[in-house]
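Trainee: Below is the file model19.cif, with mmCIF, C-alpha atoms and all ligand atoms.
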```cif
data_target
loop_
_atom_site.group_PDB
_atom_site.id
_atom_site.type_symbol
_atom_site.label_atom_id
_atom_site.label_comp_id
_atom_site.auth_asym_id
_atom_site.auth_seq_id
_atom_site.Cartn_x
_atom_site.Cartn_y
_atom_site.Cartn_z
ATOM 1 C CA MET A 315 0.000 0.000 0.000
ATOM 2 C CA ARG A 316 1.321 3.467 -0.865
ATOM 3 C CA THR A 317 2.502 5.050 2.344
ATOM 4 C CA THR A 318 3.173 8.627 3.338
ATOM 5 C CA VAL A 319 5.262 9.227 6.443
ATOM 6 C CA LEU A 320 4.540 12.212 8.688
ATOM 7 C CA ILE A 321 7.483 13.086 10.941
ATOM 8 C CA VAL A 322 6.674 15.480 13.773
ATOM 9 C CA ALA A 323 9.779 17.527 14.560
ATOM 10 C CA ALA A 324 8.330 20.777 15.902
ATOM 11 C CA GLY A 325 8.987 20.127 19.591
ATOM 12 C CA SER A 326 11.234 22.548 21.473
ATOM 13 C CA GLY A 327 13.054 19.830 23.396
ATOM 14 C CA SER A 328 12.877 21.849 26.601
ATOM 15 C CA ARG A 329 13.543 18.737 28.739
ATOM 16 C CA LEU A 330 16.778 18.131 26.806
ATOM 17 C CA GLN A 331 17.941 21.739 27.346
ATOM 18 C CA ALA A 332 19.977 21.708 24.144
ATOM 19 C CA GLY A 333 19.161 25.276 23.119
ATOM 20 C CA VAL A 334 17.939 24.104 19.703
ATOM 21 C CA PRO A 335 14.829 22.134 18.694
ATOM 22 C CA LYS A 336 15.311 18.502 19.702
ATOM 23 C CA ALA A 337 15.254 17.239 16.125
ATOM 24 C CA MET A 338 18.278 19.493 15.379
ATOM 25 C CA VAL A 339 20.395 18.013 18.157
ATOM 26 C CA THR A 340 23.532 16.468 16.690
ATOM 27 C CA LEU A 341 24.354 12.948 17.834
ATOM 28 C CA GLY A 342 27.845 11.573 18.362
ATOM 29 C CA ASP A 343 28.288 10.598 14.702
ATOM 30 C CA GLY A 344 27.783 14.218 13.573
ATOM 31 C CA HIS A 345 24.265 13.660 12.226
ATOM 32 C CA THR A 346 21.135 15.287 13.626
ATOM 33 C CA MET A 347 18.252 13.355 15.109
ATOM 34 C CA LEU A 348 16.110 14.339 12.124
ATOM 35 C CA GLU A 349 18.694 13.003 9.657
ATOM 36 C CA HIS A 350 18.753 9.681 11.488
ATOM 37 C CA CYS A 351 14.969 9.569 11.504
ATOM 38 C CA LEU A 352 14.717 10.331 7.766
ATOM 39 C CA ASP A 353 17.413 7.737 7.034
ATOM 40 C CA SER A 354 15.491 5.110 9.025
ATOM 41 C CA VAL A 355 12.466 5.686 6.776
ATOM 42 C CA VAL A 356 14.567 5.165 3.652
ATOM 43 C CA ALA A 357 16.176 2.082 5.214
ATOM 44 C CA ALA A 358 12.671 0.690 5.748
ATOM 45 C CA ARG A 359 11.793 1.428 2.122
ATOM 46 C CA ASP A 360 15.010 -0.180 0.876
ATOM 47 C CA ALA A 361 14.325 -3.262 3.009
ATOM 48 C CA GLY A 362 10.927 -3.584 1.312
ATOM 49 C CA ALA A 363 9.037 -2.820 4.532
ATOM 50 C CA ILE A 364 7.099 0.162 3.159
ATOM 51 C CA GLU A 365 6.055 1.411 -0.255
ATOM 52 C CA LEU A 366 7.147 5.005 0.311
ATOM 53 C CA ASN A 367 5.160 7.735 -1.408
ATOM 54 C CA ALA A 368 6.559 10.851 0.282
ATOM 55 C CA ILE A 369 7.519 12.340 3.635
ATOM 56 C CA ALA A 370 6.017 15.368 5.370
ATOM 57 C CA VAL A 371 8.080 16.924 8.156
ATOM 58 C CA VAL A 372 6.470 19.253 10.696
ATOM 59 C CA VAL A 373 9.019 21.887 11.744
ATOM 60 C CA PRO A 374 8.900 24.578 14.478
ATOM 61 C CA GLY A 375 6.814 27.663 13.762
ATOM 62 C CA ASP A 376 9.762 29.938 14.606
ATOM 63 C CA PRO A 377 11.367 30.781 11.209
ATOM 64 C CA ASP A 378 14.986 30.636 12.463
ATOM 65 C CA HIS A 379 14.580 27.160 13.905
ATOM 66 C CA ALA A 380 12.488 26.062 10.947
ATOM 67 C CA ALA A 381 15.226 27.081 8.506
ATOM 68 C CA SER A 382 17.792 24.648 9.906
ATOM 69 C CA LEU A 383 15.356 21.725 9.806
ATOM 70 C CA GLU A 384 14.221 22.675 6.308
ATOM 71 C CA ALA A 385 17.852 22.614 5.200
ATOM 72 C CA VAL A 386 18.226 19.062 6.561
ATOM 73 C CA CYS A 387 15.091 18.020 4.642
ATOM 74 C CA HIS A 388 16.335 19.699 1.469
ATOM 75 C CA ASP A 389 19.696 17.902 1.625
ATOM 76 C CA PHE A 390 17.984 14.584 2.344
ATOM 77 C CA ALA A 391 15.596 15.013 -0.601
ATOM 78 C CA ALA A 392 18.506 15.858 -2.908
ATOM 79 C CA ARG A 393 20.469 12.814 -1.694
ATOM 80 C CA THR A 394 17.640 10.265 -1.878
ATOM 81 C CA ALA A 395 15.193 11.683 -4.488
ATOM 82 C CA VAL A 396 12.394 11.185 -1.938
ATOM 83 C CA THR A 397 9.718 13.915 -1.978
ATOM 84 C CA VAL A 398 9.895 15.796 1.329
ATOM 85 C CA GLN A 399 7.564 18.623 2.257
ATOM 86 C CA THR A 400 7.940 20.748 5.373
ATOM 87 C CA VAL A 401 5.093 22.435 7.214
ATOM 88 C CA PRO A 402 5.071 24.650 10.351
ATOM 89 C CA GLY A 403 3.793 22.972 13.511
ATOM 90 C CA GLY A 404 1.818 24.098 16.545
ATOM 91 C CA ALA A 405 2.031 24.461 20.310
ATOM 92 C CA GLU A 406 1.174 20.844 21.186
ATOM 93 C CA ARG A 407 2.121 17.634 19.417
ATOM 94 C CA ALA A 408 -1.493 17.103 18.303
ATOM 95 C CA ASP A 409 -1.507 20.601 16.729
ATOM 96 C CA SER A 410 1.629 19.680 14.803
ATOM 97 C CA VAL A 411 0.085 16.426 13.588
ATOM 98 C CA ARG A 412 -3.036 18.248 12.451
ATOM 99 C CA ALA A 413 -0.908 20.783 10.547
ATOM 100 C CA GLY A 414 0.964 17.881 8.971
ATOM 101 C CA LEU A 415 -2.210 16.054 7.947
ATOM 102 C CA ALA A 416 -3.128 18.822 5.510
ATOM 103 C CA ALA A 417 0.248 18.433 3.795
ATOM 104 C CA VAL A 418 -0.072 14.647 3.792
ATOM 105 C CA ARG A 419 -3.462 14.831 2.084
ATOM 106 C CA THR A 420 -1.899 16.870 -0.743
ATOM 107 C CA LEU A 421 1.059 14.504 -1.038
ATOM 108 C CA ALA A 422 -1.203 11.446 -1.007
ATOM 109 C CA GLY A 423 -3.631 12.954 -3.485
ATOM 110 C CA SER A 424 -0.950 13.890 -5.960
ATOM 111 C CA ALA A 425 0.770 10.542 -5.602
ATOM 112 C CA GLY A 426 -0.721 8.717 -8.519
ATOM 113 C CA SER A 427 -3.854 6.914 -9.510
ATOM 114 C CA ALA A 428 -7.357 7.846 -8.443
ATOM 115 C CA GLY A 429 -8.052 6.045 -5.231
ATOM 116 C CA SER A 430 -4.517 6.174 -3.899
ATOM 117 C CA ALA A 431 -5.525 9.000 -1.578
ATOM 118 C CA GLY A 432 -8.172 6.977 0.207
ATOM 119 C CA GLY A 433 -11.844 7.862 0.315
ATOM 120 C CA PRO A 434 -14.387 5.773 -1.554
ATOM 121 C CA PHE A 435 -11.900 4.266 -4.024
ATOM 122 C CA GLY A 436 -9.085 3.059 -1.841
ATOM 123 C CA ARG A 437 -6.894 3.490 1.190
ATOM 124 C CA HIS A 438 -3.716 5.420 1.686
ATOM 125 C CA ALA A 439 -1.456 4.432 4.556
ATOM 126 C CA LEU A 440 -0.060 7.066 6.882
ATOM 127 C CA LEU A 441 2.744 6.489 9.356
ATOM 128 C CA VAL A 442 3.030 9.164 12.052
ATOM 129 C CA HIS A 443 6.534 9.165 13.498
ATOM 130 C CA ASP A 444 8.404 11.132 16.185
ATOM 131 C CA ALA A 445 11.665 12.727 15.034
ATOM 132 C CA ALA A 446 12.818 12.035 18.591
ATOM 133 C CA ARG A 447 13.018 8.288 17.802
ATOM 134 C CA PRO A 448 15.994 8.154 15.437
ATOM 135 C CA PHE A 449 16.830 4.418 15.462
ATOM 136 C CA VAL A 450 13.622 2.514 14.625
ATOM 137 C CA PRO A 451 14.633 -0.625 12.696
ATOM 138 C CA PRO A 452 12.946 -1.684 9.400
ATOM 139 C CA ALA A 453 11.268 -4.660 11.148
ATOM 140 C CA VAL A 454 9.047 -2.272 13.120
ATOM 141 C CA PHE A 455 8.015 -0.364 9.976
ATOM 142 C CA ASP A 456 7.349 -3.752 8.383
ATOM 143 C CA ALA A 457 5.123 -4.960 11.245
ATOM 144 C CA VAL A 458 3.097 -1.721 11.202
ATOM 145 C CA ALA A 459 2.750 -1.724 7.405
ATOM 146 C CA THR A 460 1.749 -5.400 7.349
ATOM 147 C CA ALA A 461 -1.019 -4.767 9.877
ATOM 148 C CA LEU A 462 -2.327 -1.887 7.735
ATOM 149 C CA GLU A 463 -2.243 -4.112 4.643
ATOM 150 C CA SER A 464 -4.451 -6.598 6.435
ATOM 151 C CA GLY A 465 -7.165 -3.950 6.730
ATOM 152 C CA THR A 466 -6.771 -2.508 10.228
ATOM 153 C CA ALA A 467 -7.339 1.264 10.461
ATOM 154 C CA ALA A 468 -4.872 1.866 13.302
ATOM 155 C CA VAL A 469 -1.827 0.067 14.650
ATOM 156 C CA VAL A 470 0.869 0.894 17.193
ATOM 157 C CA PRO A 471 4.243 -0.706 17.936
ATOM 158 C CA ALA A 472 4.700 -1.401 21.620
ATOM 159 C CA VAL A 473 7.077 -2.951 24.139
ATOM 160 C CA GLU A 474 6.482 -4.429 27.563
ATOM 161 C CA VAL A 475 6.761 -2.198 30.612
ATOM 162 C CA VAL A 476 9.473 -3.017 33.149
ATOM 163 C CA ASP A 477 8.429 -0.725 35.996
ATOM 164 C CA THR A 478 5.362 -1.124 38.177
ATOM 165 C CA ILE A 479 3.025 1.736 37.232
ATOM 166 C CA LYS A 480 0.872 3.348 39.911
ATOM 167 C CA THR A 481 -1.730 6.093 39.806
ATOM 168 C CA VAL A 482 -1.315 8.929 42.333
ATOM 169 C CA THR A 483 -3.379 11.796 43.748
ATOM 170 C CA GLY A 484 -1.291 14.387 41.880
ATOM 171 C CA ALA A 485 -1.197 16.990 44.677
ATOM 172 C CA ALA A 486 1.747 17.064 47.109
ATOM 173 C CA PRO A 487 2.273 15.115 49.260
ATOM 174 C CA GLU A 488 1.247 12.515 46.688
ATOM 175 C CA GLU A 489 -0.412 9.265 47.633
ATOM 176 C CA VAL A 490 -0.888 6.113 45.635
ATOM 177 C CA THR A 491 -4.462 5.567 44.474
ATOM 178 C CA GLY A 492 -3.943 2.303 42.637
ATOM 179 C CA THR A 493 -1.628 -0.080 40.828
ATOM 180 C CA LEU A 494 -2.089 -1.091 37.195
ATOM 181 C CA GLN A 495 -1.589 -4.725 36.204
ATOM 182 C CA ARG A 496 1.840 -4.704 34.572
ATOM 183 C CA THR A 497 1.059 -7.640 32.296
ATOM 184 C CA GLN A 498 -1.652 -5.517 30.644
ATOM 185 C CA LEU A 499 0.553 -2.452 30.096
ATOM 186 C CA ARG A 500 2.595 -1.574 27.016
ATOM 187 C CA ALA A 501 4.864 1.374 26.265
ATOM 188 C CA VAL A 502 3.783 2.624 22.869
ATOM 189 C CA GLN A 503 6.257 3.876 20.274
ATOM 190 C CA THR A 504 6.123 5.281 16.759
ATOM 191 C CA PRO A 505 5.717 4.947 13.781
ATOM 192 C CA GLN A 506 2.000 4.499 14.380
ATOM 193 C CA GLY A 507 0.099 3.389 11.290
ATOM 194 C CA PHE A 508 -3.291 4.598 10.127
ATOM 195 C CA ASP A 509 -5.724 4.649 7.277
ATOM 196 C CA LEU A 510 -5.284 8.311 6.303
ATOM 197 C CA THR A 511 -8.972 9.149 5.884
ATOM 198 C CA SER A 512 -9.837 7.570 9.248
ATOM 199 C CA LEU A 513 -7.128 9.487 11.112
ATOM 200 C CA GLU A 514 -8.190 12.785 9.537
ATOM 201 C CA ALA A 515 -11.754 12.190 10.750
ATOM 202 C CA ALA A 516 -10.581 11.123 14.218
ATOM 203 C CA HIS A 517 -8.475 14.269 14.657
ATOM 204 C CA ARG A 518 -11.390 16.447 13.526
ATOM 205 C CA LEU A 519 -13.571 14.739 16.116
ATOM 206 C CA ALA A 520 -10.933 15.196 18.844
ATOM 207 C CA GLU A 521 -10.617 18.882 17.998
ATOM 208 C CA GLU A 522 -14.350 19.365 18.399
ATOM 209 C CA GLY A 523 -14.492 17.335 21.626
ATOM 210 C CA ALA A 524 -14.646 18.734 25.135
ATOM 211 C CA ALA A 525 -11.049 17.845 25.999
ATOM 212 C CA GLY A 526 -9.770 19.191 22.682
ATOM 213 C CA ALA A 527 -6.878 17.766 20.740
ATOM 214 C CA ALA A 528 -4.308 19.087 23.230
ATOM 215 C CA ALA A 529 -4.957 16.159 25.552
ATOM 216 C CA LEU A 530 -3.776 13.705 22.902
ATOM 217 C CA THR A 531 -0.257 12.451 23.575
ATOM 218 C CA ASP A 532 -0.345 10.147 20.569
ATOM 219 C CA ASP A 533 -2.520 9.661 17.502
ATOM 220 C CA ALA A 534 -3.905 6.265 18.431
ATOM 221 C CA MET A 535 -5.749 8.095 21.243
ATOM 222 C CA ALA A 536 -7.758 10.001 18.640
ATOM 223 C CA MET A 537 -8.647 6.735 16.905
ATOM 224 C CA GLU A 538 -9.613 5.076 20.208
ATOM 225 C CA ALA A 539 -11.897 8.031 21.035
ATOM 226 C CA ALA A 540 -13.491 7.726 17.594
ATOM 227 C CA GLY A 541 -14.351 4.092 18.318
ATOM 228 C CA HIS A 542 -11.695 2.364 16.187
ATOM 229 C CA ARG A 543 -9.915 -0.784 17.263
ATOM 230 C CA VAL A 544 -6.187 -0.167 17.522
ATOM 231 C CA GLY A 545 -3.917 -3.105 16.765
ATOM 232 C CA VAL A 546 -0.615 -3.715 18.539
ATOM 233 C CA VAL A 547 2.570 -5.082 16.954
ATOM 234 C CA ALA A 548 6.024 -5.656 18.391
ATOM 235 C CA GLY A 549 8.048 -2.505 18.918
ATOM 236 C CA ASP A 550 11.794 -2.533 19.527
ATOM 237 C CA PRO A 551 14.035 -1.244 22.333
ATOM 238 C CA LEU A 552 15.815 0.839 19.664
ATOM 239 C CA GLY A 553 12.534 2.708 19.147
ATOM 240 C CA PHE A 554 13.083 4.604 22.399
ATOM 241 C CA LYS A 555 12.369 8.340 22.451
ATOM 242 C CA ILE A 556 15.177 10.766 23.220
ATOM 243 C CA THR A 557 13.789 13.097 25.869
ATOM 244 C CA THR A 558 16.487 13.633 28.506
ATOM 245 C CA GLN A 559 20.291 13.913 28.656
ATOM 246 C CA LEU A 560 20.364 10.296 29.814
ATOM 247 C CA ASP A 561 18.558 9.214 26.619
ATOM 248 C CA LEU A 562 21.077 11.221 24.609
ATOM 249 C CA MET A 563 23.962 9.443 26.354
ATOM 250 C CA LEU A 564 22.341 6.095 25.509
ATOM 251 C CA ALA A 565 21.905 7.141 21.863
ATOM 252 C CA ASN A 566 25.552 8.157 21.581
ATOM 253 C CA ALA A 567 26.744 4.973 23.313
ATOM 254 C CA LEU A 568 24.698 2.905 20.841
ATOM 255 C CA LEU A 569 26.220 4.794 17.894
ATOM 256 C CA ALA A 570 29.764 4.484 19.303
ATOM 257 C CA SER A 571 29.362 0.721 19.733
ATOM 258 C CA GLY A 572 27.840 0.256 16.270
ATOM 259 C CA SER A 573 24.544 -0.951 17.776
ATOM 260 C CA ALA A 574 22.468 1.790 16.137
HETATM 261 O O1 LIG B 1 7.108 16.209 23.465
HETATM 262 P P1 LIG B 1 7.140 14.792 22.999
HETATM 263 O O2 LIG B 1 8.327 14.050 23.518
HETATM 264 O O3 LIG B 1 5.860 14.038 23.161
HETATM 265 O O4 LIG B 1 7.384 14.907 21.440
HETATM 266 C C1 LIG B 1 7.286 13.806 20.573
HETATM 267 C C2 LIG B 1 7.506 14.296 19.155
HETATM 268 O O5 LIG B 1 6.517 15.264 18.843
HETATM 269 C C3 LIG B 1 8.886 14.927 18.925
HETATM 270 O O6 LIG B 1 9.450 14.427 17.730
HETATM 271 C C4 LIG B 1 8.554 16.414 18.832
HETATM 272 O O7 LIG B 1 9.424 17.138 17.967
HETATM 273 C C5 LIG B 1 7.137 16.415 18.286
HETATM 274 N N1 LIG B 1 6.377 17.608 18.671
HETATM 275 C C6 LIG B 1 5.897 18.455 17.678
HETATM 276 N N2 LIG B 1 5.201 19.590 18.034
HETATM 277 C C7 LIG B 1 5.007 19.910 19.322
HETATM 278 C C8 LIG B 1 5.490 19.058 20.354
HETATM 279 C C9 LIG B 1 6.170 17.903 20.000
HETATM 280 O O8 LIG B 1 6.091 18.191 16.489
HETATM 281 N N3 LIG B 1 4.359 21.034 19.617
#
```
How does this structure look as structure tokens?

Mentor:
Amino acid sequence: MRTTVLIVAAGSGSRLQAGVPKAMVTLGDGHTMLEHCLDSVVAARDAGAIELNAIAVVVPGDPDHAASLEAVCHDFAARTAVTVQTVPGGAERADSVRAGLAAVRTLAGSAGSAGSAGGPFGRHALLVHDAARPFVPPAVFDAVATALESGTAAVVPAVEVVDTIKTVTGAAPEEVTGTLQRTQLRAVQTPQGFDLTSLEAAHRLAEEGAAGAAALTDDAMAMEAAGHRVGVVAGDPLGFKITTQLDLMLANALLASGSA
């Protein structure tokens, strides 16, 4: 199935305190997180995991920060001949995804035959991916794409949770209010796969809802709220998200040892 990849890279990375948007942070091998992320998409295509149509990259709204990410995308497009379109993002991740969806619809619609863009004639696959996950292996793209091929409208890669997760009161001094059954918990990664038309409708619904789209921390949440079943496939430890300095140290150690 023709697949468009939407990479959200508009986050400020405040928890990383790098002084530049997180996707622009350079890893130990001299390449930015966004470059690694883009390269992982092409590696998945080259491995036959996805039938890549194009990539949309959501960049920060601030023009100075956007310019550096746009330059990365431009170089990547020139190097790989993949169509890459950039679009300014929003304040929350869900705002950035919604901004990206408009670009994806254009890319999907212009991608070829009638029906390739979804709607009444066919389906178009969309993978929504965090730029902050630079090392996702082709096998994860493959598992997500295979689930979409089989007709599911939404699928997430996930790994088991190692910690015991408790709910708390929230106000200091906090108290435990319950313990979730660890065997039923999964840590969900990206790329998350969707039928494009279904995800567009789910995000519209979330935007109109009482909680608004801001409460969405991933896109599967919008699909769940819209009543879709969301499939789960095996994620990978290398699909971890770089959020803190500790994550960055892990990323650089993996690169130095040739493990990523
Ligand atoms: O903040 P969080 O870790 O959930 O961010 C996950 C991904 O979403 C990152 O790749 C980040 O760049 C992106 N993001 C975005 N727009 C925002 C916030 C986050 O594109 N406003």

Trainee: Pick from A:Gly342, A:Gly553, A:Gly325, A:Gly375: nearest to ligand LIG 1 (chain B), with all atoms listed in the file counted?

Mentor: A:Gly325

Trainee: Got a sec: who's within 12 Å of A:Leu441, counting all atoms listed in the file, leaving out chain neighbours fewer than 2 positions off, as JSON, numbers by chain?

Mentor: {"A": [315, 316, 317, 318, 319, 320, 321, 322, 355, 364, 365, 366, 367, 368, 369, 370, 371, 411, 414, 415, 418, 438, 439, 443, 444, 454, 455, 456, 457, 458, 459, 461, 462, 467, 468, 469, 470, 471, 503, 504, 505, 506, 507, 508, 509, 510, 513, 533, 534]}

Trainee: Please save C-alpha atoms of the selected residues as a PDB file, keeping the file's coordinate frame.

Mentor:
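Once written, out_29.pdb looks like this:
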```pdb
ATOM      1  CA  MET A 315       0.000   0.000   0.000  1.00  0.00           C
ATOM      2  CA  ARG A 316       1.321   3.467  -0.865  1.00  0.00           C
ATOM      3  CA  THR A 317       2.502   5.050   2.344  1.00  0.00           C
ATOM      4  CA  THR A 318       3.173   8.627   3.338  1.00  0.00           C
ATOM      5  CA  VAL A 319       5.262   9.227   6.443  1.00  0.00           C
ATOM      6  CA  LEU A 320       4.540  12.212   8.688  1.00  0.00           C
ATOM      7  CA  ILE A 321       7.483  13.086  10.941  1.00  0.00           C
ATOM      8  CA  VAL A 322       6.674  15.480  13.773  1.00  0.00           C
ATOM      9  CA  VAL A 355      12.466   5.686   6.776  1.00  0.00           C
ATOM     10  CA  ILE A 364       7.099   0.162   3.159  1.00  0.00           C
ATOM     11  CA  GLU A 365       6.055   1.411  -0.255  1.00  0.00           C
ATOM     12  CA  LEU A 366       7.147   5.005   0.311  1.00  0.00           C
ATOM     13  CA  ASN A 367       5.160   7.735  -1.408  1.00  0.00           C
ATOM     14  CA  ALA A 368       6.559  10.851   0.282  1.00  0.00           C
ATOM     15  CA  ILE A 369       7.519  12.340   3.635  1.00  0.00           C
ATOM     16  CA  ALA A 370       6.017  15.368   5.370  1.00  0.00           C
ATOM     17  CA  VAL A 371       8.080  16.924   8.156  1.00  0.00           C
ATOM     18  CA  VAL A 411       0.085  16.426  13.588  1.00  0.00           C
ATOM     19  CA  GLY A 414       0.964  17.881   8.971  1.00  0.00           C
ATOM     20  CA  LEU A 415      -2.210  16.054   7.947  1.00  0.00           C
ATOM     21  CA  VAL A 418      -0.072  14.647   3.792  1.00  0.00           C
ATOM     22  CA  HIS A 438      -3.716   5.420   1.686  1.00  0.00           C
ATOM     23  CA  ALA A 439      -1.456   4.432   4.556  1.00  0.00           C
ATOM     24  CA  HIS A 443       6.534   9.165  13.498  1.00  0.00           C
ATOM     25  CA  ASP A 444       8.404  11.132  16.185  1.00  0.00           C
ATOM     26  CA  VAL A 454       9.047  -2.272  13.120  1.00  0.00           C
ATOM     27  CA  PHE A 455       8.015  -0.364   9.976  1.00  0.00           C
ATOM     28  CA  ASP A 456       7.349  -3.752   8.383  1.00  0.00           C
ATOM     29  CA  ALA A 457       5.123  -4.960  11.245  1.00  0.00           C
ATOM     30  CA  VAL A 458       3.097  -1.721  11.202  1.00  0.00           C
ATOM     31  CA  ALA A 459       2.750  -1.724   7.405  1.00  0.00           C
ATOM     32  CA  ALA A 461      -1.019  -4.767   9.877  1.00  0.00           C
ATOM     33  CA  LEU A 462      -2.327  -1.887   7.735  1.00  0.00           C
ATOM     34  CA  ALA A 467      -7.339   1.264  10.461  1.00  0.00           C
ATOM     35  CA  ALA A 468      -4.872   1.866  13.302  1.00  0.00           C
ATOM     36  CA  VAL A 469      -1.827   0.067  14.650  1.00  0.00           C
ATOM     37  CA  VAL A 470       0.869   0.894  17.193  1.00  0.00           C
ATOM     38  CA  PRO A 471       4.243  -0.706  17.936  1.00  0.00           C
ATOM     39  CA  GLN A 503       6.257   3.876  20.274  1.00  0.00           C
ATOM     40  CA  THR A 504       6.123   5.281  16.759  1.00  0.00           C
ATOM     41  CA  PRO A 505       5.717   4.947  13.781  1.00  0.00           C
ATOM     42  CA  GLN A 506       2.000   4.499  14.380  1.00  0.00           C
ATOM     43  CA  GLY A 507       0.099   3.389  11.290  1.00  0.00           C
ATOM     44  CA  PHE A 508      -3.291   4.598  10.127  1.00  0.00           C
ATOM     45  CA  ASP A 509      -5.724   4.649   7.277  1.00  0.00           C
ATOM     46  CA  LEU A 510      -5.284   8.311   6.303  1.00  0.00           C
ATOM     47  CA  LEU A 513      -7.128   9.487  11.112  1.00  0.00           C
ATOM     48  CA  ASP A 533      -2.520   9.661  17.502  1.00  0.00           C
ATOM     49  CA  ALA A 534      -3.905   6.265  18.431  1.00  0.00           C
TER      50      ALA A 534
END
```

Trainee: Applying the PyMOL selection byres (((chain A and resi 358) around 8) and not hetatm) to the file I just gave you, which residues come out? Please list them as a PyMOL selection string.

Mentor: chain A and resi 354-357+359-364+451-453+455-456

Trainee: So that each row is one residue of chain A with an atom at most 7 Å from ligand LIG 1 (chain B), can you give its shortest atom pair and the distance in Å to one decimal, using all atoms listed in the file, rows by chain and rising number, as CSV?

Mentor:
```
residue,atom,partner,partner_atom,distance
A:Val322,CA,B:LIG1,O8,3.9
A:Ala323,CA,B:LIG1,O7,3.4
A:Ala324,CA,B:LIG1,O8,3.5
A:Gly325,CA,B:LIG1,O7,3.4
A:Ser326,CA,B:LIG1,O7,6.7
A:Gly327,CA,B:LIG1,O1,7.0
A:Lys336,CA,B:LIG1,O7,6.3
A:Ala337,CA,B:LIG1,O7,6.1
A:Val372,CA,B:LIG1,O8,5.9
A:Val373,CA,B:LIG1,O8,6.7
A:Gly403,CA,B:LIG1,N2,5.8
A:Gly404,CA,B:LIG1,N3,5.0
A:Ala405,CA,B:LIG1,N3,4.2
A:Glu406,CA,B:LIG1,N3,3.6
A:Arg407,CA,B:LIG1,C7,3.7
A:Asp409,CA,B:LIG1,N3,6.6
A:Ser410,CA,B:LIG1,N2,4.8
A:Val411,CA,B:LIG1,O8,6.9
A:Asp444,CA,B:LIG1,O6,3.8
A:Ala445,CA,B:LIG1,O6,3.9
A:Ala446,CA,B:LIG1,O6,4.2
A:Thr531,CA,B:LIG1,O3,6.3
A:Thr557,CA,B:LIG1,O2,6.0
```

Trainee: For A:Met563, which residue out of A:Thr340, A:Glu489, A:Arg419, A:Leu494 is the nearest one, using all atoms listed in the file?

Mentor: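 Closest residue, counting all atoms listed in the file: A:Thr340.
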
Trainee: Translate the PyMOL selection byres (((chain A and resi 351) around 8) and not hetatm), as applied to the file shown, into an explicit residue set as a list of chain:residue names.

Mentor: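 Those residues are A:Met347, A:Leu348, A:Glu349, A:His350, A:Leu352, A:Asp353, A:Ser354, A:Val355, A:Ala445, A:Ala446, A:Arg447, A:Pro448, A:Phe449, A:Val450.
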
Trainee: Report as a list in words the residues that result from applying the PyMOL selection byres (((chain A and resi 376-385) around 8) and not hetatm) to the structure here.

Mentor: Val334, Pro335, Ala337, Met338, Leu348, Val373, Pro374, Gly375, Val386, Cys387, His388, Asp389, Thr400 and Pro402 of chain A

Trainee: Selection from above, C-alpha atoms, as a CSV table (one decimal), in the frame of the given file, can you write it?

Mentor:
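Result file is part.csv:
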```csv
chain,number,residue,atom,x,y,z
A,334,VAL,CA,17.9,24.1,19.7
A,335,PRO,CA,14.8,22.1,18.7
A,337,ALA,CA,15.3,17.2,16.1
A,338,MET,CA,18.3,19.5,15.4
A,348,LEU,CA,16.1,14.3,12.1
A,373,VAL,CA,9.0,21.9,11.7
A,374,PRO,CA,8.9,24.6,14.5
A,375,GLY,CA,6.8,27.7,13.8
A,386,VAL,CA,18.2,19.1,6.6
A,387,CYS,CA,15.1,18.0,4.6
A,388,HIS,CA,16.3,19.7,1.5
A,389,ASP,CA,19.7,17.9,1.6
A,400,THR,CA,7.9,20.7,5.4
A,402,PRO,CA,5.1,24.6,10.4
```

Trainee: To one decimal place in Å, what is the distance between atom CA of A:Thr493 and atom CA of A:Asp477?

Mentor: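 Here the two named atoms are 11.2 Å from each other.
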
Trainee: Distance atom CA of A:Glu538-atom CA of A:Glu521, one decimal place?

Mentor: 14.0 Å

Trainee: Distance atom CA of A:Val476-atom CA of A:Val490, one decimal place?

Mentor: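 We find that atom CA of A:Val476 and atom CA of A:Val490 lie 18.6 Å from each other.
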
Trainee: Restricting the calculation to only C-alpha atoms, which member of A:Ser571, A:Gln331, A:Leu440, A:Leu562 is positioned closest to A:Thr346?

Mentor: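 Residue with the minimum atom-to-atom distance to A:Thr346: A:Leu562.
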
Trainee: When distances are computed from all atoms listed in the file, which of A:Gln498, A:Glu474, A:Leu519, A:Gln399 shows the smallest separation from A:Ala422?

Mentor: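 The answer is A:Gln399, which sits nearest to A:Ala422.
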
Trainee: Could you check the closest approach to A:Ala472 for each of A:Leu560, A:Ala539, A:Leu330, A:Ala501 and tell me which residue wins, using only C-alpha atoms?

Mentor: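 Looking only at the distances to A:Ala472, the closest residue turns out to be A:Ala501.
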
Trainee: Find the residue from A:Gly423, A:Pro551, A:Gly484, A:Gly545 that sits nearest to A:Thr466; use only C-alpha atoms when measuring.

Mentor: A:Gly545

Trainee: Return the padded bounding box of stretch 462-476 of chain A as lines of an AutoDock Vina configuration file: axis-aligned, built from all atoms listed in the file, 4 Å added on each side, with centre and edge lengths in Å to one decimal.

Mentor:
```
center_x = 1.1
center_y = -2.4
center_z = 18.9
size_x = 24.8
size_y = 16.5
size_z = 36.5
```
